[in-house]
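Peer 1: Supplied structure: entry-v6.cif, mmCIF, C-alpha atoms.
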```
data_model
#
loop_
_atom_site.label_atom_id
_atom_site.label_comp_id
_atom_site.auth_asym_id
_atom_site.auth_seq_id
_atom_site.Cartn_x
_atom_site.Cartn_y
_atom_site.Cartn_z
CA MET G 1 0.00 0.00 0.00
CA ALA G 2 2.87 2.33 0.86
CA PHE G 3 4.41 1.57 -2.56
CA VAL G 4 1.12 2.43 -4.31
CA THR G 5 0.84 5.64 -2.29
CA ARG G 6 4.39 6.69 -3.20
CA GLN G 7 3.70 5.97 -6.88
CA PHE G 8 0.50 8.02 -6.72
CA VAL G 9 2.32 10.97 -5.13
CA ARG G 10 5.08 10.77 -7.73
CA SER G 11 2.47 10.65 -10.49
CA VAL G 12 0.63 13.70 -9.16
CA SER G 13 3.91 15.57 -8.70
CA SER G 14 5.00 14.69 -12.23
CA SER G 15 1.65 15.81 -13.66
CA SER G 16 1.87 19.11 -11.79
CA THR G 17 5.36 19.72 -13.18
CA ALA G 18 4.21 18.95 -16.72
CA SER G 19 1.22 21.25 -16.25
CA ALA G 20 3.47 24.06 -15.02
CA THR G 21 5.80 23.53 -17.97
CA ALA G 22 2.92 23.75 -20.40
CA LYS G 23 1.46 26.84 -18.74
CA LYS G 24 0.55 29.51 -21.28
CA ILE G 25 2.52 32.74 -21.47
CA VAL G 26 0.57 35.84 -20.51
CA ILE G 27 1.81 38.33 -23.09
CA LYS G 28 2.34 41.79 -21.60
CA HIS G 29 5.44 43.15 -23.32
CA VAL G 30 5.45 43.31 -27.13
CA ALA G 31 8.03 44.39 -29.70
CA VAL G 32 6.69 45.21 -33.16
CA ILE G 33 9.33 45.22 -35.88
CA GLY G 34 8.35 47.47 -38.77
CA GLY G 35 6.84 50.94 -38.52
CA GLY G 36 4.68 50.80 -41.65
CA LEU G 37 0.88 50.77 -41.72
CA MET G 38 0.61 47.20 -40.43
CA GLY G 39 3.30 47.50 -37.77
CA ALA G 40 1.96 50.81 -36.49
CA GLY G 41 -1.57 49.37 -36.43
CA ILE G 42 -0.48 46.33 -34.43
CA ALA G 43 1.43 48.57 -32.00
CA GLN G 44 -1.63 50.78 -31.60
CA VAL G 45 -4.11 48.03 -30.75
CA ALA G 46 -1.64 46.36 -28.38
CA ALA G 47 -0.96 49.62 -26.55
CA ALA G 48 -4.67 50.51 -26.43
CA THR G 49 -5.37 47.23 -24.62
CA GLY G 50 -2.79 47.82 -21.90
CA HIS G 51 0.28 46.13 -23.36
CA THR G 52 3.73 47.71 -23.18
CA VAL G 53 4.92 48.13 -26.77
CA VAL G 54 8.25 48.95 -28.39
CA LEU G 55 7.89 49.87 -32.06
CA VAL G 56 11.09 49.29 -34.02
CA ASP G 57 12.26 50.51 -37.41
CA GLN G 58 15.56 51.43 -39.02
CA ALA G 59 15.18 55.21 -38.97
CA GLU G 60 13.93 57.78 -36.47
CA ASP G 61 11.98 59.69 -39.15
CA ILE G 62 9.98 56.55 -40.01
CA LEU G 63 9.19 56.01 -36.33
CA ALA G 64 8.18 59.65 -35.88
CA LYS G 65 5.79 59.32 -38.82
CA SER G 66 4.43 56.07 -37.36
CA LYS G 67 3.85 57.62 -33.94
CA LYS G 68 2.09 60.61 -35.50
CA GLY G 69 -0.14 58.29 -37.53
CA ILE G 70 -1.00 56.31 -34.40
CA GLU G 71 -1.90 59.49 -32.53
CA GLU G 72 -4.17 60.69 -35.34
CA SER G 73 -5.86 57.28 -35.50
CA LEU G 74 -6.39 57.23 -31.73
CA LYS G 75 -7.94 60.70 -31.79
CA LYS G 76 -10.46 59.57 -34.42
CA ILE G 77 -11.35 56.52 -32.33
CA ALA G 78 -11.62 58.61 -29.16
CA LYS G 79 -13.91 61.12 -30.86
CA LYS G 80 -16.40 58.34 -31.63
CA LYS G 81 -15.89 56.18 -28.55
CA PHE G 82 -15.98 59.04 -26.06
CA ALA G 83 -18.31 61.42 -27.91
CA GLU G 84 -20.05 62.45 -24.69
CA ASN G 85 -16.89 62.60 -22.59
CA PRO G 86 -14.03 64.37 -24.43
CA GLN G 87 -11.88 64.36 -21.29
CA ALA G 88 -12.01 60.56 -21.12
CA GLY G 89 -11.13 60.50 -24.81
CA SER G 90 -8.05 62.64 -24.26
CA GLU G 91 -6.99 60.41 -21.37
CA PHE G 92 -7.42 57.32 -23.57
CA VAL G 93 -5.18 58.79 -26.27
CA GLU G 94 -2.57 59.91 -23.74
CA LYS G 95 -2.54 56.57 -21.90
CA THR G 96 -2.24 54.55 -25.11
CA LEU G 97 0.62 56.69 -26.43
CA SER G 98 2.42 56.36 -23.09
CA ASN G 99 2.43 52.57 -23.61
CA ILE G 100 4.43 52.95 -26.85
CA SER G 101 8.14 53.62 -27.06
CA THR G 102 10.30 53.50 -30.18
CA ASN G 103 13.75 52.16 -30.98
CA THR G 104 15.98 51.69 -34.01
CA ASP G 105 17.82 48.66 -32.60
CA ALA G 106 15.63 45.55 -32.35
CA ALA G 107 18.38 43.46 -30.76
CA SER G 108 18.58 45.81 -27.78
CA VAL G 109 14.90 45.47 -26.82
CA VAL G 110 13.87 41.87 -27.51
CA HIS G 111 15.53 40.48 -24.35
CA SER G 112 12.66 41.78 -22.19
CA MET G 113 9.79 40.93 -24.54
CA ASP G 114 7.13 38.23 -24.26
CA LEU G 115 6.30 38.54 -27.96
CA VAL G 116 8.10 39.83 -31.04
CA VAL G 117 5.85 40.51 -34.04
CA GLU G 118 7.51 41.13 -37.40
CA ALA G 119 5.73 43.31 -39.97
CA ILE G 120 8.48 44.18 -42.46
CA VAL G 121 8.89 43.75 -46.21
CA GLU G 122 7.56 40.52 -47.76
CA ASN G 123 10.97 39.08 -48.51
CA LEU G 124 11.94 35.70 -47.07
CA LYS G 125 15.67 36.39 -47.02
CA VAL G 126 15.22 39.68 -45.16
CA LYS G 127 12.85 38.10 -42.63
CA ASN G 128 15.21 35.17 -42.08
CA GLU G 129 18.15 37.48 -41.46
CA LEU G 130 16.11 39.51 -38.97
CA PHE G 131 14.85 36.54 -36.96
CA LYS G 132 18.22 34.75 -37.01
CA ARG G 133 19.76 37.84 -35.42
CA LEU G 134 16.99 38.42 -32.88
CA ASP G 135 17.01 34.77 -31.86
CA LYS G 136 20.42 35.31 -30.27
CA PHE G 137 19.22 38.16 -28.05
CA ALA G 138 15.64 37.20 -27.11
CA SER G 139 14.78 35.48 -23.84
CA GLU G 140 14.09 31.78 -23.90
CA HIS G 141 10.37 32.28 -23.24
CA THR G 142 9.91 34.91 -25.97
CA ILE G 143 7.50 34.00 -28.77
CA PHE G 144 8.31 35.07 -32.33
CA ALA G 145 5.51 35.75 -34.82
CA SER G 146 5.36 36.95 -38.41
CA ASN G 147 2.57 39.07 -39.88
CA THR G 148 3.33 37.78 -43.38
CA SER G 149 0.33 37.41 -45.67
CA SER G 150 1.88 35.13 -48.27
CA LEU G 151 5.11 33.47 -47.13
CA GLN G 152 5.14 30.13 -45.33
CA ILE G 153 5.72 30.49 -41.59
CA THR G 154 7.82 27.32 -41.45
CA ASN G 155 10.34 28.77 -43.89
CA ILE G 156 10.71 31.86 -41.70
CA ALA G 157 10.85 29.92 -38.42
CA ASN G 158 13.64 27.68 -39.74
CA ALA G 159 16.05 30.62 -39.45
CA THR G 160 15.76 30.35 -35.65
CA THR G 161 16.35 27.79 -32.91
CA ARG G 162 12.86 28.36 -31.47
CA GLN G 163 10.57 26.72 -34.02
CA ASP G 164 8.33 25.62 -31.14
CA ARG G 165 7.92 29.26 -30.09
CA PHE G 166 7.23 30.56 -33.60
CA ALA G 167 3.88 31.08 -35.34
CA GLY G 168 2.01 33.27 -37.78
CA LEU G 169 -0.04 36.20 -36.51
CA HIS G 170 -1.69 37.72 -39.57
CA PHE G 171 -3.61 40.96 -38.99
CA PHE G 172 -5.70 42.79 -41.58
CA ASN G 173 -5.53 46.39 -42.75
CA PRO G 174 -6.53 48.75 -41.20
CA VAL G 175 -5.57 46.89 -38.01
CA PRO G 176 -7.52 49.09 -35.53
CA MET G 177 -10.75 48.49 -37.48
CA MET G 178 -10.46 44.90 -38.74
CA LYS G 179 -11.49 42.32 -36.14
CA LEU G 180 -9.90 39.25 -37.71
CA VAL G 181 -6.52 37.72 -36.87
CA GLU G 182 -5.29 34.49 -38.45
CA VAL G 183 -3.19 32.46 -36.01
CA ILE G 184 -0.99 30.07 -37.98
CA LYS G 185 0.36 26.94 -36.34
CA THR G 186 3.27 25.18 -38.03
CA PRO G 187 4.03 21.48 -37.41
CA MET G 188 6.67 22.64 -34.89
CA THR G 189 4.62 25.28 -33.04
CA SER G 190 3.96 24.13 -29.49
CA GLN G 191 0.43 24.06 -28.09
CA LYS G 192 1.62 26.44 -25.36
CA THR G 193 2.73 29.00 -27.97
CA PHE G 194 -0.41 28.52 -30.02
CA GLU G 195 -2.78 29.03 -27.07
CA SER G 196 -0.76 32.00 -25.81
CA LEU G 197 -1.23 33.73 -29.18
CA LEU G 198 -4.94 32.92 -29.24
CA ASP G 199 -5.29 34.55 -25.82
CA PHE G 200 -3.23 37.55 -26.93
CA SER G 201 -5.42 38.04 -30.02
CA LYS G 202 -8.55 37.98 -27.85
CA ALA G 203 -6.94 40.42 -25.40
CA LEU G 204 -6.56 42.84 -28.33
CA GLY G 205 -10.30 42.62 -28.91
CA LYS G 206 -9.80 40.59 -32.08
CA HIS G 207 -11.49 37.43 -33.29
CA PRO G 208 -8.80 34.81 -33.96
CA VAL G 209 -9.23 32.00 -36.46
CA THR G 210 -6.72 29.19 -36.78
CA CYS G 211 -5.12 27.63 -39.81
CA LYS G 212 -2.28 25.30 -40.73
CA ASP G 213 0.75 26.69 -42.55
CA THR G 214 -0.78 26.56 -46.02
CA PRO G 215 -0.14 29.21 -48.76
CA GLY G 216 -2.27 32.29 -48.14
CA PHE G 217 -3.75 30.82 -44.95
CA ILE G 218 -7.57 31.24 -45.09
CA VAL G 219 -8.49 34.69 -46.38
CA ASN G 220 -5.84 35.22 -49.05
CA ARG G 221 -6.01 31.61 -50.21
CA LEU G 222 -9.67 32.20 -51.09
CA LEU G 223 -9.51 35.89 -51.99
CA VAL G 224 -6.49 36.09 -54.32
CA PRO G 225 -7.58 33.25 -56.67
CA TYR G 226 -11.03 34.91 -56.83
CA LEU G 227 -9.41 38.21 -57.82
CA MET G 228 -7.23 36.52 -60.42
CA GLU G 229 -10.17 34.61 -61.89
CA ALA G 230 -11.94 37.94 -62.36
CA VAL G 231 -8.87 39.19 -64.24
CA ARG G 232 -8.84 36.06 -66.45
CA LEU G 233 -12.55 36.56 -67.20
CA TYR G 234 -11.69 40.09 -68.32
CA GLU G 235 -8.59 38.99 -70.26
CA ARG G 236 -10.66 36.46 -72.24
CA GLY G 237 -13.05 39.26 -73.20
CA ASP G 238 -16.00 37.53 -71.53
CA ALA G 239 -17.05 40.68 -69.65
CA SER G 240 -15.86 44.23 -69.00
CA LYS G 241 -14.13 45.03 -65.71
CA GLU G 242 -16.92 47.50 -64.92
CA ASP G 243 -19.64 44.88 -65.35
CA ILE G 244 -17.69 42.31 -63.35
CA ASP G 245 -17.37 44.78 -60.48
CA VAL G 246 -21.07 45.70 -60.60
CA ALA G 247 -22.07 42.03 -60.82
CA MET G 248 -20.12 41.04 -57.71
CA LYS G 249 -21.37 44.03 -55.72
CA LEU G 250 -25.04 43.67 -56.62
CA GLY G 251 -25.14 39.90 -57.15
CA ALA G 252 -22.87 38.66 -54.38
CA GLY G 253 -23.27 41.58 -51.97
CA TYR G 254 -19.54 42.36 -51.90
CA PRO G 255 -18.69 45.93 -50.81
CA MET G 256 -16.12 46.25 -53.60
CA GLY G 257 -15.78 44.62 -56.99
CA PRO G 258 -12.62 42.54 -57.70
CA PHE G 259 -10.97 45.20 -59.87
CA GLU G 260 -11.70 47.94 -57.34
CA LEU G 261 -10.21 45.71 -54.66
CA LEU G 262 -7.15 44.87 -56.75
CA ASP G 263 -6.46 48.59 -57.20
CA TYR G 264 -6.99 49.19 -53.48
CA VAL G 265 -4.66 46.36 -52.40
CA GLY G 266 -2.02 47.19 -55.02
CA LEU G 267 -1.31 45.22 -58.17
CA ASP G 268 2.33 44.78 -57.14
CA THR G 269 1.19 43.10 -53.92
CA THR G 270 -1.09 40.72 -55.80
CA LYS G 271 1.64 39.93 -58.34
CA PHE G 272 4.13 39.24 -55.55
CA ILE G 273 1.74 36.77 -53.90
CA MET G 274 0.92 35.01 -57.16
CA ASP G 275 4.58 34.78 -58.19
CA GLY G 276 5.42 33.15 -54.87
CA TRP G 277 2.57 30.65 -55.08
CA HIS G 278 3.32 29.85 -58.73
CA GLU G 279 6.93 29.13 -57.82
CA MET G 280 5.75 26.69 -55.13
CA ASP G 281 3.24 24.92 -57.39
CA THR G 282 3.70 25.67 -61.10
CA GLN G 283 0.98 23.23 -62.18
CA ASN G 284 -1.82 24.70 -60.06
CA PRO G 285 -4.23 26.53 -62.43
CA LEU G 286 -5.22 28.89 -59.61
CA PHE G 287 -1.63 30.08 -59.27
CA GLN G 288 -0.99 31.03 -62.90
CA PRO G 289 0.37 34.57 -63.57
CA SER G 290 -1.73 37.20 -65.33
CA PRO G 291 -0.31 38.95 -68.44
CA SER G 292 -2.34 42.12 -67.82
CA VAL G 293 -1.34 42.37 -64.14
CA ASN G 294 2.32 41.77 -65.03
CA LYS G 295 2.15 44.45 -67.74
CA MET G 296 0.61 47.07 -65.44
CA VAL G 297 3.13 46.39 -62.68
CA ALA G 298 5.97 46.78 -65.21
CA GLU G 299 4.43 50.12 -66.21
CA LYS G 300 4.18 51.16 -62.53
CA LYS G 301 0.40 51.27 -62.72
CA LEU G 302 -0.10 49.73 -59.29
CA GLY G 303 -3.58 50.97 -58.40
CA LYS G 304 -4.82 53.77 -56.16
CA LYS G 305 -1.40 54.45 -54.64
CA THR G 306 0.05 55.44 -58.04
CA GLY G 307 -3.11 57.04 -59.44
CA GLU G 308 -3.78 54.32 -61.98
CA GLY G 309 -4.37 50.57 -62.09
CA PHE G 310 -7.35 48.94 -63.69
CA TYR G 311 -9.03 52.31 -63.12
CA LYS G 312 -7.68 55.87 -63.11
CA TYR G 313 -7.75 57.96 -59.92
CA LYS G 314 -7.42 61.73 -59.56
#
```
Could the structure of this file be written out as structure tokens, please?

Peer 2:
Amino acid sequence: MAFVTRQFVRSVSSSSTASATAKKIVIKHVAVIGGGLMGAGIAQVAAATGHTVVLVDQAEDILAKSKKGIEESLKKIAKKKFAENPQAGSEFVEKTLSNISTNTDAASVVHSMDLVVEAIVENLKVKNELFKRLDKFASEHTIFASNTSSLQITNIANATTRQDRFAGLHFFNPVPMMKLVEVIKTPMTSQKTFESLLDFSKALGKHPVTCKDTPGFIVNRLLVPYLMEAVRLYERGDASKEDIDVAMKLGAGYPMGPFELLDYVGLDTTKFIMDGWHEMDTQNPLFQPSPSVNKMVAEKKLGKKTGEGFYKYK
């Protein structure tokens, strides 16, 4: 009986240790690498929900622009959210901004972070170099996440020694307004990391959905082929781009037609995604390049941001 009791105690003790080991990380301190629209948006929502945030980019002028954009965005939110209490709105803006600091040296800040979110250029080599460097300076418990919309998370994680503490955390633009976050679990991502990121997404007031590390995840895997099929319909001369846009808005209830959306997203962005997918699977008919998109990108007609894409903008 004594032997059975000792075995039971050892079993309980072992289970408690395993449970403690698997305990989720409560993410409080966040570093966001990249001060562009996405990075600034992620920093804003994290700071607005009480997280301590360090926003990192290569140059002080970029960070100053990011901080100014965050402040303007917060003021718009405060004006609506605290319409009847302007003082509370001002305090909200001030408190959120006080949660954000900036830095030009990522390696010097990651040691004290619970989470590092990367939102830089969509280039695998650049991302790999960044994470390989940060891996040497980050604490053992620190989770790494990429906000990539098209690259495979596994290929980015392989640059580090913490594949179990690496996942995808894909936000949508504009981050303060869009509720969705795709949480991407690779075959190496631990359950502890995965659940910690789910909790973090919810803490931001977002609605997380989960997906395996498949090209485009959920939204882009469905959206980009739809956009490209609209282009092929147009290229074959089956319908005008104007009629295709009207048809999808009035017939499918979409807020924007596919050509309007392509111009909004940027034709260079769409081409980049398609080129990457085509390289991975050249035989997939959904991943075939578009002659008209390639031509417009070569001519720098990228959509709204350049004043012309499928449509012209003043």

Peer 1: Could you check the closest approach to Glu129 of chain G for each of G:Ile25, G:Ala145, G:Ala159, G:Ala239 and tell me which residue wins, using all atoms listed in the file?

Peer 2: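 Going through G:Ile25, G:Ala145, G:Ala159, G:Ala239 one by one, the smallest distance to Glu129 of chain G is for G:Ala159.
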
Peer 1: Would you pick out the contacts of segment 219-225 of chain G at 10 Å or less, using all atoms listed in the file, so that residues sharing its chain but fewer than 3 positions from it are not included, and give the list as an NGL selection string?

Peer 2: :G and (149-150 or 172 or 180 or 182 or 214-216 or 228-231 or 258 or 262 or 270-271 or 273-274 or 277 or 285-288)

Peer 1: For Gly89 of chain G, please output as a PyMOL selection string all residues within 10 Å (counting only C-alpha atoms; exclusion window: fewer than 2 positions along the same chain).

Peer 2: chain G and resi 74-87+91-95

Peer 1: Evaluating the PyMOL selection byres ((chain G and resi 156) around 9) on the displayed file yields which residues, as a ChimeraX atom specification?

Peer 2: /G:124-125,127-128,131,146,151-155,157-160,166

Peer 1: Evaluate the PyMOL selection byres ((chain G and resi 97) around 12) and record the selected residues as a PyMOL selection string, following the chain and residue labels used in the document.

Peer 2: chain G and resi 40+43-55+66-75+90-96+98-102

Peer 1: Please determine, counting only C-alpha atoms, which residue among G:Leu233, G:Met296, G:Ile143, G:Val110 has the shortest atom-to-atom distance to Leu169 of chain G.

Peer 2: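 Looking only at the distances to Leu169 of chain G, the closest residue turns out to be G:Ile143.
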
Peer 1: Under the rule that only C-alpha atoms are counted, which of G:Val181, G:His111, G:Thr104, G:Arg162 is the nearest residue to Lys132 of chain G?

Peer 2: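 Going through G:Val181, G:His111, G:Thr104, G:Arg162 one by one, the smallest distance to Lys132 of chain G is for G:Arg162.
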
Peer 1: Enter the distance from atom CA of Gly36 of chain G to atom CA of Tyr264 of chain G, in Å, rounded to one decimal.

Peer 2: 16.7 Å

Peer 1: Extract, using all atoms listed in the file, all DNA, RNA and protein residues at most 8 Å from segment 137-140 of chain G, discarding same-chain residues fewer than 3 positions from it, and format them as number ranges by chain.

Peer 2: G: 107-108, 110-113, 133-134

Peer 1: Excluding Ala119 of chain G and any residue of its chain fewer than 5 positions from it, enumerate the residues within 6 Å of it, using all atoms listed in the file, and give them as number ranges by chain.

Peer 2: G: 33-34, 39, 147

Peer 1: Within 7 Å of segment 309-313 of chain G, counting all atoms listed in the file, which residues show up once you throw out same-chain ones fewer than 4 positions away? Write them as a list of chain:residue names, please.

Peer 2: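 Residues near the query, excluding close chain neighbours: G:Phe259, G:Asp263, G:Met296, G:Lys301, G:Leu302, G:Gly303, G:Lys304.
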
Peer 1: Selection in question (the file shown): the PyMOL selection byres ((chain G and resi 201) around 12). Which residues does it include, as a PyMOL selection string?

Peer 2: chain G and resi 26-27+42+45-46+49+51+115+168-171+175+179-183+194-200+202-210

Peer 1: Determine the nearest neighbour of Ile62 of chain G from the options G:Gln191, G:Asn103, G:Val293, G:Gly41, counting all atoms listed in the file.

Peer 2: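 Of G:Gln191, G:Asn103, G:Val293, G:Gly41, the one nearest Ile62 of chain G, counting all atoms listed in the file, is G:Asn103.
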
Peer 1: Given the choices G:Glu299, G:Asn123, G:Lys185, G:Thr142, which gets closest to Leu267 of chain G if the distance is worked out from only C-alpha atoms?

Peer 2: G:Glu299

Peer 1: How many Å lie between atom CA of Asn173 of chain G and atom CA of Met38 of chain G, rounded to one decimal?

Peer 2: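 Spanning atom CA of Asn173 of chain G to atom CA of Met38 of chain G is a straight-line distance of 6.6 Å.
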
Peer 1: Nearest to Leu227 of chain G: which of G:Gln58, G:Ser290, G:Thr148, G:Thr282 is it, counting all atoms listed in the file?

Peer 2: G:Ser290

Peer 1: For segment 234-246 of chain G, take all atoms listed in the file, fit an axis-aligned box around them, add 4 Å to each of the six sides, then output centre and edge lengths in Å rounded to one decimal, as AutoDock Vina command-line options.

Peer 2:
```
--center_x -14.8 --center_y 42.0 --center_z -66.8 --size_x 20.5 --size_y 19.0 --size_z 20.7
```

Peer 1: State, in Å with one decimal place, the distance from atom CA of Leu261 of chain G to atom CA of Asp57 of chain G.

Peer 2: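 Going from atom CA of Leu261 of chain G over to atom CA of Asp57 of chain G covers 28.7 Å.
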